[in-house]
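Just work-v3.cif here, mmCIF, C-alpha atoms and all ligand atoms:
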data_entry
loop_
_atom_site.label_atom_id
_atom_site.label_comp_id
_atom_site.auth_asym_id
_atom_site.auth_seq_id
_atom_site.Cartn_x
_atom_site.Cartn_y
_atom_site.Cartn_z
CA MET A 1 27.36 96.50 19.48
CA LYS A 2 30.14 96.32 22.06
CA THR A 3 32.36 94.52 19.56
CA VAL A 4 31.62 97.11 16.83
CA LEU A 5 32.55 99.95 19.21
CA SER A 6 35.82 98.36 20.30
CA LEU A 7 36.65 97.77 16.66
CA MET A 8 35.97 101.44 15.87
CA VAL A 9 38.16 102.57 18.79
CA LEU A 10 40.91 100.23 17.62
CA ILE A 11 40.70 101.53 14.05
CA SER A 12 40.78 105.16 15.22
CA VAL A 13 43.79 104.48 17.51
CA MET A 14 45.58 102.80 14.61
CA LEU A 15 44.77 105.66 12.27
CA THR A 16 45.98 108.32 14.73
CA GLY A 17 49.14 106.30 15.33
CA CYS A 18 49.77 106.14 11.59
CA GLN A 19 49.29 109.86 11.01
CA SER A 20 52.68 111.59 10.96
CA LYS A 21 52.83 114.13 13.76
CA LYS A 22 53.65 117.62 12.52
CA ASP A 23 56.60 119.38 14.11
CA THR A 24 56.08 122.97 15.14
CA SER A 25 59.54 124.06 16.24
CA ILE A 26 63.15 124.08 15.14
CA LYS A 27 65.65 122.45 17.53
CA PRO A 28 69.16 123.45 16.42
CA GLY A 29 71.73 120.68 16.76
CA GLU A 30 69.21 117.85 17.24
CA VAL A 31 68.66 115.15 14.64
CA TRP A 32 66.08 116.67 12.24
CA LEU A 33 63.70 114.05 10.83
CA ASP A 34 61.85 114.43 7.54
CA VAL A 35 58.12 113.69 7.31
CA ASP A 36 58.90 109.99 6.76
CA GLY A 37 60.90 109.85 9.98
CA ASN A 38 64.36 109.72 8.37
CA PRO A 39 67.18 112.14 9.28
CA ILE A 40 67.39 115.01 6.78
CA ASN A 41 70.52 114.61 4.67
CA ALA A 42 71.21 118.04 3.13
CA HIS A 43 74.50 119.48 4.36
CA GLY A 44 76.23 122.68 3.23
CA GLY A 45 72.79 123.49 1.88
CA GLY A 46 70.84 126.31 0.36
CA LEU A 47 67.16 127.25 0.16
CA LEU A 48 64.97 128.26 -2.74
CA TYR A 49 61.45 129.67 -2.43
CA HIS A 50 59.34 129.00 -5.49
CA GLN A 51 55.56 129.26 -5.94
CA GLY A 52 54.63 128.84 -2.29
CA MET A 53 57.13 126.10 -1.54
CA TYR A 54 60.57 126.12 0.08
CA TYR A 55 63.16 123.72 -1.36
CA TRP A 56 66.20 122.73 0.66
CA TYR A 57 69.15 121.43 -1.38
CA GLY A 58 72.25 119.96 0.20
CA GLU A 59 75.15 117.57 0.09
CA ILE A 60 74.24 113.97 0.80
CA LYS A 61 76.70 112.76 3.38
CA GLU A 62 76.49 109.01 3.77
CA GLY A 63 78.73 105.99 4.05
CA GLU A 64 82.12 105.79 5.65
CA THR A 65 83.99 108.89 6.78
CA TYR A 66 87.52 108.52 5.48
CA LEU A 67 90.11 110.18 7.69
CA PRO A 68 93.09 112.03 6.21
CA ASP A 69 95.90 109.65 5.36
CA CYS A 70 99.27 111.03 4.37
CA ASN A 71 99.90 107.91 2.25
CA LYS A 72 96.79 108.60 0.16
CA SER A 73 95.96 111.50 -2.08
CA TRP A 74 93.15 113.16 -0.17
CA GLY A 75 93.81 116.27 1.84
CA GLY A 76 91.08 115.98 4.43
CA THR A 77 88.28 114.04 6.04
CA ARG A 78 85.66 113.12 3.46
CA VAL A 79 82.86 110.83 2.36
CA ASP A 80 82.30 109.54 -1.15
CA VAL A 81 80.07 111.70 -3.32
CA THR A 82 76.46 110.50 -3.51
CA GLY A 83 74.85 113.63 -4.94
CA VAL A 84 72.64 116.58 -4.12
CA SER A 85 69.43 116.01 -2.15
CA CYS A 86 66.25 118.08 -2.22
CA TYR A 87 63.54 118.45 0.44
CA SER A 88 60.34 120.50 0.17
CA SER A 89 58.30 122.28 2.84
CA LYS A 90 55.63 124.94 3.17
CA ASP A 91 56.33 125.72 6.82
CA LEU A 92 60.16 125.39 7.00
CA VAL A 93 59.81 122.84 9.80
CA ASN A 94 58.31 119.71 8.20
CA TRP A 95 60.33 118.55 5.19
CA LYS A 96 59.48 115.97 2.53
CA ASN A 97 62.34 114.14 0.83
CA GLU A 98 62.16 114.81 -2.95
CA GLY A 99 65.08 112.45 -3.64
CA ILE A 100 68.48 112.90 -5.23
CA VAL A 101 68.32 115.72 -7.79
CA LEU A 102 71.92 115.51 -9.02
CA THR A 103 73.48 112.06 -8.83
CA SER A 104 77.13 111.09 -8.57
CA VAL A 105 78.83 109.03 -11.24
CA LYS A 106 80.09 105.60 -10.18
CA ASP A 107 81.97 104.35 -13.23
CA ASP A 108 83.80 107.26 -14.89
CA PRO A 109 86.81 108.52 -12.89
CA SER A 110 87.22 111.44 -15.33
CA HIS A 111 83.75 112.84 -14.52
CA ASP A 112 83.42 115.81 -12.13
CA LEU A 113 80.69 113.94 -10.26
CA TYR A 114 82.74 110.74 -9.83
CA LYS A 115 82.22 109.30 -6.38
CA ASP A 116 85.87 109.75 -5.33
CA ASN A 117 85.73 113.52 -5.89
CA VAL A 118 84.24 116.29 -3.75
CA LEU A 119 80.81 117.92 -4.19
CA GLU A 120 79.98 120.67 -1.72
CA ARG A 121 77.63 123.56 -0.95
CA PRO A 122 75.02 123.27 -3.74
CA LYS A 123 72.85 126.35 -4.29
CA VAL A 124 69.84 126.50 -6.62
CA VAL A 125 68.35 129.65 -8.16
CA TYR A 126 65.42 130.16 -10.49
CA ASN A 127 65.90 132.03 -13.73
CA ALA A 128 62.69 133.95 -14.47
CA LYS A 129 63.70 134.54 -18.11
CA THR A 130 64.53 130.95 -19.11
CA LYS A 131 62.19 129.41 -16.50
CA LYS A 132 64.98 126.98 -15.58
CA PHE A 133 66.36 126.03 -12.19
CA VAL A 134 70.12 126.41 -12.07
CA LEU A 135 72.34 124.63 -9.56
CA TRP A 136 75.85 125.84 -8.75
CA VAL A 137 78.10 123.65 -6.65
CA HIS A 138 81.72 123.41 -5.55
CA VAL A 139 83.28 120.48 -7.41
CA ASP A 140 86.71 119.36 -6.45
CA SER A 141 89.21 116.55 -6.66
CA MET A 142 89.90 114.45 -3.59
CA ASP A 143 92.93 116.62 -2.79
CA TYR A 144 90.90 119.86 -3.23
CA GLN A 145 93.22 121.09 -6.01
CA LYS A 146 90.62 121.19 -8.81
CA ALA A 147 88.87 123.99 -6.88
CA SER A 148 86.18 124.63 -9.49
CA CYS A 149 82.49 125.38 -9.66
CA GLY A 150 80.05 123.12 -11.43
CA VAL A 151 76.72 124.04 -12.97
CA ALA A 152 73.61 121.93 -13.64
CA VAL A 153 70.15 122.80 -14.92
CA SER A 154 66.60 121.50 -14.57
CA ASP A 155 63.06 122.34 -15.68
CA ASN A 156 61.75 121.53 -12.20
CA PRO A 157 62.81 122.47 -8.69
CA THR A 158 62.84 118.78 -7.78
CA GLY A 159 65.11 117.88 -10.68
CA PRO A 160 66.54 115.91 -12.25
CA PHE A 161 69.35 118.42 -12.80
CA VAL A 162 71.45 117.85 -15.90
CA TYR A 163 75.13 118.50 -15.28
CA GLN A 164 76.68 120.97 -17.75
CA GLN A 165 80.33 121.57 -16.88
CA SER A 166 82.80 122.78 -14.29
CA ILE A 167 84.81 125.94 -14.63
CA ARG A 168 87.77 127.69 -13.13
CA PRO A 169 86.32 131.22 -13.19
CA ASN A 170 87.59 134.11 -15.22
CA ALA A 171 90.65 132.70 -17.00
CA ASN A 172 92.76 135.50 -18.51
CA ILE A 173 90.44 138.18 -17.23
CA LEU A 174 91.39 140.97 -14.84
CA PRO A 175 88.95 141.78 -12.04
CA LEU A 176 87.35 145.23 -11.98
CA ASN A 177 89.66 146.25 -9.15
CA VAL A 178 93.03 145.03 -10.53
CA GLU A 179 95.06 146.73 -13.24
CA HIS A 180 97.71 144.07 -13.81
CA GLN A 181 97.95 140.48 -12.48
CA ASP A 182 101.51 140.96 -11.29
CA SER A 183 100.39 143.76 -8.99
CA ILE A 184 98.70 141.02 -6.94
CA GLY A 185 100.97 137.98 -7.39
CA GLY A 186 100.39 134.82 -5.32
CA ALA A 187 97.70 132.31 -6.30
CA PHE A 188 95.85 135.01 -8.22
CA ALA A 189 98.72 135.54 -10.69
CA ARG A 190 99.59 131.81 -10.70
CA ASP A 191 96.02 130.94 -11.80
CA PHE A 192 95.48 133.92 -14.09
CA GLU A 193 95.67 131.90 -17.32
CA LYS A 194 94.03 128.75 -16.03
CA GLY A 195 91.19 130.48 -14.16
CA GLN A 196 90.78 131.39 -10.51
CA MET A 197 90.24 128.83 -7.75
CA ALA A 198 86.64 128.48 -6.57
CA ARG A 199 85.88 126.47 -3.43
CA ASP A 200 83.16 127.33 -0.86
CA MET A 201 80.50 129.27 -2.72
CA THR A 202 77.01 130.72 -2.83
CA VAL A 203 74.79 132.37 -5.44
CA PHE A 204 72.83 135.55 -4.83
CA VAL A 205 70.03 136.83 -7.10
CA ASP A 206 69.45 140.58 -6.89
CA ASP A 207 66.12 142.45 -7.27
CA ASP A 208 66.91 143.12 -10.94
CA ASN A 209 67.35 139.34 -11.49
CA LYS A 210 71.10 139.69 -11.99
CA ALA A 211 72.89 136.86 -10.21
CA TYR A 212 76.32 136.69 -8.62
CA LEU A 213 78.61 133.91 -7.52
CA PHE A 214 80.56 134.46 -4.29
CA TYR A 215 83.46 132.03 -3.83
CA SER A 216 86.56 131.42 -1.74
CA SER A 217 89.46 131.84 -4.11
CA GLU A 218 93.24 132.20 -4.19
CA GLU A 219 93.91 129.24 -1.83
CA ASN A 220 90.93 130.40 0.26
CA LYS A 221 92.72 133.63 1.18
CA THR A 222 90.61 136.08 -0.83
CA HIS A 223 86.99 136.01 -1.90
CA GLN A 224 85.83 136.83 -5.41
CA ILE A 225 82.41 137.98 -6.61
CA ALA A 226 81.55 137.16 -10.22
CA GLU A 227 78.51 138.16 -12.26
CA LEU A 228 76.50 135.34 -13.87
CA SER A 229 75.25 135.50 -17.46
CA ASP A 230 71.56 136.28 -18.05
CA ASP A 231 70.73 132.55 -18.19
CA TYR A 232 72.79 131.95 -14.99
CA LEU A 233 74.69 129.15 -16.74
CA SER A 234 78.05 130.88 -17.10
CA LEU A 235 80.05 133.90 -15.95
CA THR A 236 80.18 137.22 -17.78
CA GLY A 237 83.83 137.96 -16.91
CA LYS A 238 82.88 140.89 -14.68
CA TYR A 239 84.31 140.18 -11.23
CA LYS A 240 86.03 141.65 -8.20
CA ARG A 241 88.47 140.53 -5.50
CA VAL A 242 87.04 141.23 -2.04
CA PHE A 243 88.01 140.59 1.60
CA GLU A 244 91.63 140.38 0.46
CA GLY A 245 93.74 138.07 2.63
CA ARG A 246 90.88 137.59 5.12
CA SER A 247 90.64 133.79 4.56
CA MET A 248 86.87 133.29 4.56
CA GLU A 249 84.78 130.23 3.73
CA ALA A 250 81.10 129.31 3.78
CA PRO A 251 79.68 132.55 2.29
CA ALA A 252 76.00 133.51 2.67
CA VAL A 253 74.47 136.70 1.25
CA PHE A 254 71.16 138.54 1.55
CA LYS A 255 69.77 142.01 0.90
CA ARG A 256 67.79 144.22 3.23
CA ASN A 257 66.59 147.80 2.65
CA GLY A 258 68.87 148.15 -0.37
CA LYS A 259 72.00 146.99 1.50
CA TYR A 260 73.88 143.76 0.93
CA TYR A 261 74.82 141.64 3.94
CA PHE A 262 77.43 138.90 3.97
CA MET A 263 78.26 136.18 6.47
CA ALA A 264 81.07 133.65 6.35
CA SER A 265 83.41 131.65 8.54
CA GLY A 266 87.16 131.63 8.93
CA CYS A 267 89.16 128.75 7.43
CA THR A 268 89.63 125.90 9.90
CA ALA A 269 88.54 122.86 7.85
CA TRP A 270 85.63 121.13 9.67
CA GLU A 271 86.30 122.94 12.98
CA PRO A 272 84.12 125.89 13.99
CA ASN A 273 85.54 129.39 14.36
CA PRO A 274 84.15 132.92 14.91
CA ALA A 275 81.69 133.95 12.18
CA ARG A 276 82.36 137.01 10.03
CA SER A 277 79.86 139.54 8.74
CA ALA A 278 79.97 142.52 6.41
CA VAL A 279 77.73 145.08 4.73
CA ALA A 280 77.89 146.98 1.42
CA GLU A 281 75.81 149.55 -0.45
CA SER A 282 76.68 147.89 -3.77
CA ILE A 283 77.26 144.21 -4.49
CA TRP A 284 80.71 145.24 -5.79
CA GLY A 285 81.56 146.89 -2.48
CA PRO A 286 83.29 148.46 -0.74
CA TRP A 287 82.39 145.81 1.85
CA LYS A 288 82.68 146.94 5.45
CA GLU A 289 83.34 144.15 7.95
CA LEU A 290 81.04 144.13 10.97
CA GLY A 291 82.74 141.40 13.03
CA ASN A 292 81.24 138.27 14.58
CA PRO A 293 77.46 138.69 14.88
CA CYS A 294 77.15 135.89 17.49
CA VAL A 295 76.44 136.92 21.08
CA GLY A 296 76.35 134.97 24.34
CA GLU A 297 77.80 131.62 25.30
CA GLY A 298 79.32 129.79 22.32
CA ALA A 299 79.64 132.96 20.23
CA GLU A 300 83.37 132.52 19.60
CA LYS A 301 82.71 129.19 17.81
CA THR A 302 79.49 130.33 16.08
CA PHE A 303 77.63 127.95 18.44
CA ILE A 304 79.75 125.11 17.00
CA SER A 305 78.63 125.68 13.44
CA GLN A 306 79.60 127.09 10.05
CA SER A 307 77.32 129.24 7.89
CA THR A 308 75.79 127.92 4.70
CA TYR A 309 72.81 130.14 3.78
CA ILE A 310 70.67 133.04 5.00
CA LEU A 311 66.99 132.77 4.16
CA PRO A 312 64.65 135.79 4.05
CA ILE A 313 61.24 134.45 5.12
CA GLN A 314 58.43 135.13 2.69
CA GLY A 315 55.76 137.54 3.88
CA LYS A 316 57.56 138.56 7.07
CA LYS A 317 59.49 141.79 7.49
CA ASP A 318 63.06 141.59 8.76
CA ALA A 319 62.77 137.84 9.25
CA TYR A 320 65.91 135.93 8.33
CA ILE A 321 67.10 132.44 9.18
CA PHE A 322 70.80 131.77 9.59
CA MET A 323 71.40 128.23 8.32
CA ALA A 324 74.60 126.48 9.31
CA ASP A 325 76.23 123.08 9.65
CA ARG A 326 77.53 121.57 12.86
CA TRP A 327 80.08 119.24 11.28
CA ASN A 328 81.03 115.98 12.93
CA LYS A 329 84.43 115.40 11.36
CA ASP A 330 84.69 111.87 12.81
CA ASP A 331 81.36 110.84 11.31
CA LEU A 332 80.36 113.37 8.63
CA PRO A 333 76.87 111.85 8.01
CA ASP A 334 76.08 112.61 11.66
CA SER A 335 76.66 116.36 11.10
CA ARG A 336 73.70 118.45 12.32
CA TYR A 337 71.92 121.64 11.27
CA ILE A 338 71.97 124.86 13.23
CA TRP A 339 69.13 127.17 12.17
CA LEU A 340 68.78 130.36 14.18
CA PRO A 341 66.79 133.58 13.79
CA LEU A 342 69.03 136.41 12.57
CA ARG A 343 68.32 139.93 13.84
CA ILE A 344 69.50 143.30 12.60
CA ASP A 345 69.98 145.82 15.41
CA GLU A 346 69.41 149.61 15.44
CA GLU A 347 72.94 150.19 14.14
CA GLU A 348 72.16 147.80 11.26
CA LYS A 349 74.53 145.11 12.57
CA LEU A 350 73.67 141.43 12.40
CA VAL A 351 72.95 139.70 15.71
CA LEU A 352 72.81 135.94 16.22
CA GLN A 353 71.78 134.37 19.51
CA TRP A 354 71.46 130.72 20.54
CA HIS A 355 68.01 129.13 21.05
CA ASP A 356 67.55 125.50 22.15
CA GLU A 357 64.17 125.50 20.47
CA TRP A 358 62.24 128.17 18.57
CA ASP A 359 59.50 128.66 16.01
CA LEU A 360 58.69 131.21 13.32
CA ALA A 361 56.43 133.18 15.69
CA ILE A 362 59.67 134.60 17.09
CA PHE A 363 59.65 137.00 14.14
CA ASP A 364 56.23 138.39 15.13
CA LYS A 365 57.44 139.55 18.56
C1 LIG B 1 85.42 123.88 5.19
C2 LIG B 1 84.42 124.06 4.12
O1 LIG B 1 83.57 125.09 4.46
C3 LIG B 1 83.62 122.78 3.92
O2 LIG B 1 82.66 122.96 2.95
C4 LIG B 1 84.62 121.72 3.55
O3 LIG B 1 85.21 122.07 2.33
C5 LIG B 1 85.68 121.58 4.60
N1 LIG B 1 86.33 122.86 4.81
C6 LIG B 1 86.72 120.57 4.21
O4 LIG B 1 87.76 120.54 5.15
#
Show me this structure written as structure tokens.
Ligand code: DGJ
Amino acid sequence: MKTVLSLMVLISVMLTGCQSKKDTSIKPGEVWLDVDGNPINAHGGGLLYHQGMYYWYGEIKEGETYLPDCNKSWGGTRVDVTGVSCYSSKDLVNWKNEGIVLTSVKDDPSHDLYKDNVLERPKVVYNAKTKKFVLWVHVDSMDYQKASCGVAVSDNPTGPFVYQQSIRPNANILPLNVEHQDSIGGAFARDFEKGQMARDMTVFVDDDNKAYLFYSSEENKTHQIAELSDDYLSLTGKYKRVFEGRSMEAPAVFKRNGKYYFMASGCTAWEPNPARSAVAESIWGPWKELGNPCVGEGAEKTFISQSTYILPIQGKKDAYIFMADRWNKDDLPDSRYIWLPLRIDEEEKLVLQWHDEWDLAIFDK
């Protein structure tokens, strides 16, 4: 009997030890492990909520971090392209790795997804009409001169996504707020025939299911907002230049009480800088800048992070998560995630405060 009991205790201890412990809080800046105990690898990411599940898509950063070398053709610190990862979660804290949903290409240097290129800031949206999942991503050459956006499509949120093409947006098309390309000049006029530059980007789907691409354009100096086609696979040619000359990267957009909110960073490569924010009554603007929403110690460097997405939490009012990357430019795979609750104050300004550790109950207070 004694032996049977000890055996039972042993088995129960082993079983408990084997059960993965559920996390209950978010610890910005710490290594975030997935449910298998591996660090989450989803940088410059975006979230999608679909049928009770959150999906987190991001850049896989792995392998050697190559430093800039003036004898070589790359303009900045980089890793080889591996692809886009996807993680799923019901509680936004415990994430299951769903694998690589868009894979790099190893043997065709002419392909956009060739390992020596750049693949950044993937964002996935669901098209209710076509029932397809559409992924938009910044694709670039090693020297960042291709400056294009790529699009891929899948029948499932967990892929595989089939790569369609990359585009330089709006070739030979004037934006809604420009009468002649020469009235602007600069990179805008230079790229008028070839299509506008598109680097850091995000996609926003409005309540009427119309979707818009926000991207850093014109050598990162000016942002552009472009309307997507009904199937979200291309652009309609309707677009606007916004935040002229304000040099913003890392855009994130959400809507609250009929108003559109925007967050971004300045342009300092992998280094943090003060965040930007803005509000508009219409997606097409006018956009009114609201300044840096960060408060307290570390505010001037956005708590050593750069925005990537703002997630409205399902079923909670005025509950938004600011998602950002804390880049480690010496070892890009060791970059961390900064997720913080985002508040909107009485004057309808965004407010972001540091928390060492927090959980979703913060939104119920
Ligand atoms: C800042 C951008 O936001 C990142 O996505 C990346 O492109 C780096 N610049 C490269 O320096």
Taking (63.1, 119.7, -10.5) in the file's coordinates, which residues come within 12 Å, counting all atoms listed in the file, written as JSON, numbers by chain? {"A": [48, 50, 55, 56, 57, 84, 85, 86, 87, 88, 98, 99, 100, 101, 102, 124, 125, 126, 131, 132, 133, 134, 135, 152, 153, 154, 155, 156, 157, 158, 159, 160, 161, 162]}
Interatomic distance, atom CA of Gly29 of chain A to atom CA of Ile338 of chain A (Å, one decimal):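 That distance, rounded to one decimal, is 5.5 Å.
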Can you pull out every residue with an atom within 7 Å of ligand LIG 1 (chain B)? Use all atoms listed in the file and format it as a list in words.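 The neighbouring residues of ligand LIG 1 (chain B) are, in order, Gly44, Gly76, Thr77, Glu120, Arg121, Asp200, Glu249, Ala250, Cys267, Thr268, Ala269 and Trp270 of chain A.
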With C-alpha atoms retained, export the selected residues as a PDB file, keeping the file's coordinate frame.
ATOM      1  CA  GLY A  44      76.230 122.680   3.230  1.00  0.00           C
ATOM      2  CA  GLY A  76      91.080 115.980   4.430  1.00  0.00           C
ATOM      3  CA  THR A  77      88.280 114.040   6.040  1.00  0.00           C
ATOM      4  CA  GLU A 120      79.980 120.670  -1.720  1.00  0.00           C
ATOM      5  CA  ARG A 121      77.630 123.560  -0.950  1.00  0.00           C
ATOM      6  CA  ASP A 200      83.160 127.330  -0.860  1.00  0.00           C
ATOM      7  CA  GLU A 249      84.780 130.230   3.730  1.00  0.00           C
ATOM      8  CA  ALA A 250      81.100 129.310   3.780  1.00  0.00           C
ATOM      9  CA  CYS A 267      89.160 128.750   7.430  1.00  0.00           C
ATOM     10  CA  THR A 268      89.630 125.900   9.900  1.00  0.00           C
ATOM     11  CA  ALA A 269      88.540 122.860   7.850  1.00  0.00           C
ATOM     12  CA  TRP A 270      85.630 121.130   9.670  1.00  0.00           C
TER      13      TRP A 270
END
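Counting all atoms listed in the file, segment 359-362 of chain A has the following residues at most 7 Å away, ignoring those fewer than 5 positions along the same chain: Thr24, Ser25 and Ile26 of chain A.
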For Asp207 of chain A, the closest of A:Asn172, A:Thr222, A:Asn257, A:Gln51 counting only C-alpha atoms is A:Asn257
Spatial sel., origin (74.9, 121.8, 0.7), limit 12 Å, all atoms listed in the file, listed as a short mmCIF file (atom, residue, chain, number, x, y, z; two decimals) with C-alpha atoms, in the coordinates of the input:
data_model
loop_
_atom_site.label_atom_id
_atom_site.label_comp_id
_atom_site.auth_asym_id
_atom_site.auth_seq_id
_atom_site.Cartn_x
_atom_site.Cartn_y
_atom_site.Cartn_z
CA ILE A 40 67.39 115.01 6.78
CA ASN A 41 70.52 114.61 4.67
CA ALA A 42 71.21 118.04 3.13
CA HIS A 43 74.50 119.48 4.36
CA GLY A 44 76.23 122.68 3.23
CA GLY A 45 72.79 123.49 1.88
CA GLY A 46 70.84 126.31 0.36
CA LEU A 47 67.16 127.25 0.16
CA TRP A 56 66.20 122.73 0.66
CA TYR A 57 69.15 121.43 -1.38
CA GLY A 58 72.25 119.96 0.20
CA GLU A 59 75.15 117.57 0.09
CA ILE A 60 74.24 113.97 0.80
CA LYS A 61 76.70 112.76 3.38
CA GLY A 83 74.85 113.63 -4.94
CA VAL A 84 72.64 116.58 -4.12
CA SER A 85 69.43 116.01 -2.15
CA CYS A 86 66.25 118.08 -2.22
CA TYR A 87 63.54 118.45 0.44
CA LEU A 102 71.92 115.51 -9.02
CA VAL A 118 84.24 116.29 -3.75
CA LEU A 119 80.81 117.92 -4.19
CA GLU A 120 79.98 120.67 -1.72
CA ARG A 121 77.63 123.56 -0.95
CA PRO A 122 75.02 123.27 -3.74
CA LYS A 123 72.85 126.35 -4.29
CA VAL A 124 69.84 126.50 -6.62
CA LEU A 135 72.34 124.63 -9.56
CA TRP A 136 75.85 125.84 -8.75
CA VAL A 137 78.10 123.65 -6.65
CA HIS A 138 81.72 123.41 -5.55
CA VAL A 139 83.28 120.48 -7.41
CA ASP A 200 83.16 127.33 -0.86
CA MET A 201 80.50 129.27 -2.72
CA THR A 202 77.01 130.72 -2.83
CA ALA A 250 81.10 129.31 3.78
CA PRO A 251 79.68 132.55 2.29
CA ALA A 252 76.00 133.51 2.67
CA GLN A 306 79.60 127.09 10.05
CA SER A 307 77.32 129.24 7.89
CA THR A 308 75.79 127.92 4.70
CA TYR A 309 72.81 130.14 3.78
CA MET A 323 71.40 128.23 8.32
CA ALA A 324 74.60 126.48 9.31
CA ASP A 325 76.23 123.08 9.65
CA SER A 335 76.66 116.36 11.10
CA TYR A 337 71.92 121.64 11.27
#
Take segment 308-363 of chain A from the preceding structure and save C-alpha atoms as a short mmCIF file (atom, residue, chain, number, x, y, z; two decimals), in the first residue's frame.
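That gives us part-v3.cif:
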data_model
loop_
_atom_site.label_atom_id
_atom_site.label_comp_id
_atom_site.auth_asym_id
_atom_site.auth_seq_id
_atom_site.Cartn_x
_atom_site.Cartn_y
_atom_site.Cartn_z
CA THR A 308 4.04 48.78 -33.99
CA TYR A 309 0.30 48.30 -33.33
CA ILE A 310 -2.58 49.44 -31.13
CA LEU A 311 -5.05 46.74 -30.19
CA PRO A 312 -8.63 47.46 -29.07
CA ILE A 313 -9.49 44.67 -26.61
CA GLN A 314 -12.64 42.75 -27.44
CA GLY A 315 -15.53 43.20 -25.04
CA LYS A 316 -13.92 45.96 -23.00
CA LYS A 317 -14.72 49.64 -23.37
CA ASP A 318 -11.86 52.06 -23.90
CA ALA A 319 -9.31 49.28 -23.49
CA TYR A 320 -6.35 49.57 -25.85
CA ILE A 321 -2.92 47.99 -25.80
CA PHE A 322 0.04 49.90 -27.18
CA MET A 323 2.37 47.32 -28.74
CA ALA A 324 5.95 48.30 -29.42
CA ASP A 325 9.42 46.92 -30.03
CA ARG A 326 12.45 47.52 -27.85
CA TRP A 327 15.08 46.95 -30.53
CA ASN A 328 18.50 45.62 -29.66
CA LYS A 329 20.47 46.85 -32.65
CA ASP A 330 23.58 44.84 -31.65
CA ASP A 331 21.61 41.60 -31.48
CA LEU A 332 18.27 42.07 -33.28
CA PRO A 333 16.86 38.62 -32.29
CA ASP A 334 17.17 39.73 -28.66
CA SER A 335 14.79 42.67 -29.24
CA ARG A 336 11.93 42.71 -26.71
CA TYR A 337 8.25 43.65 -26.67
CA ILE A 338 6.81 46.60 -24.81
CA TRP A 339 3.05 46.23 -24.33
CA LEU A 340 1.39 48.92 -22.24
CA PRO A 341 -2.20 49.95 -21.52
CA LEU A 342 -3.15 53.05 -23.51
CA ARG A 343 -5.52 55.55 -21.89
CA ILE A 344 -7.52 58.39 -23.38
CA ASP A 345 -7.89 61.34 -21.01
CA GLU A 346 -10.83 63.77 -20.53
CA GLU A 347 -9.45 66.01 -23.29
CA GLU A 348 -9.37 62.96 -25.59
CA LYS A 349 -5.56 62.83 -25.65
CA LEU A 350 -3.67 59.55 -25.57
CA VAL A 351 -1.74 58.77 -22.38
CA LEU A 352 0.91 56.08 -22.04
CA GLN A 353 2.53 55.23 -18.72
CA TRP A 354 5.18 52.65 -17.82
CA HIS A 355 4.26 49.50 -15.86
CA ASP A 356 6.84 46.87 -14.84
CA GLU A 357 4.07 44.30 -14.77
CA TRP A 358 0.33 44.52 -15.44
CA ASP A 359 -2.68 42.46 -16.43
CA LEU A 360 -5.91 43.05 -18.31
CA ALA A 361 -7.82 43.77 -15.08
CA ILE A 362 -6.22 47.22 -15.28
CA PHE A 363 -8.94 48.12 -17.77
#
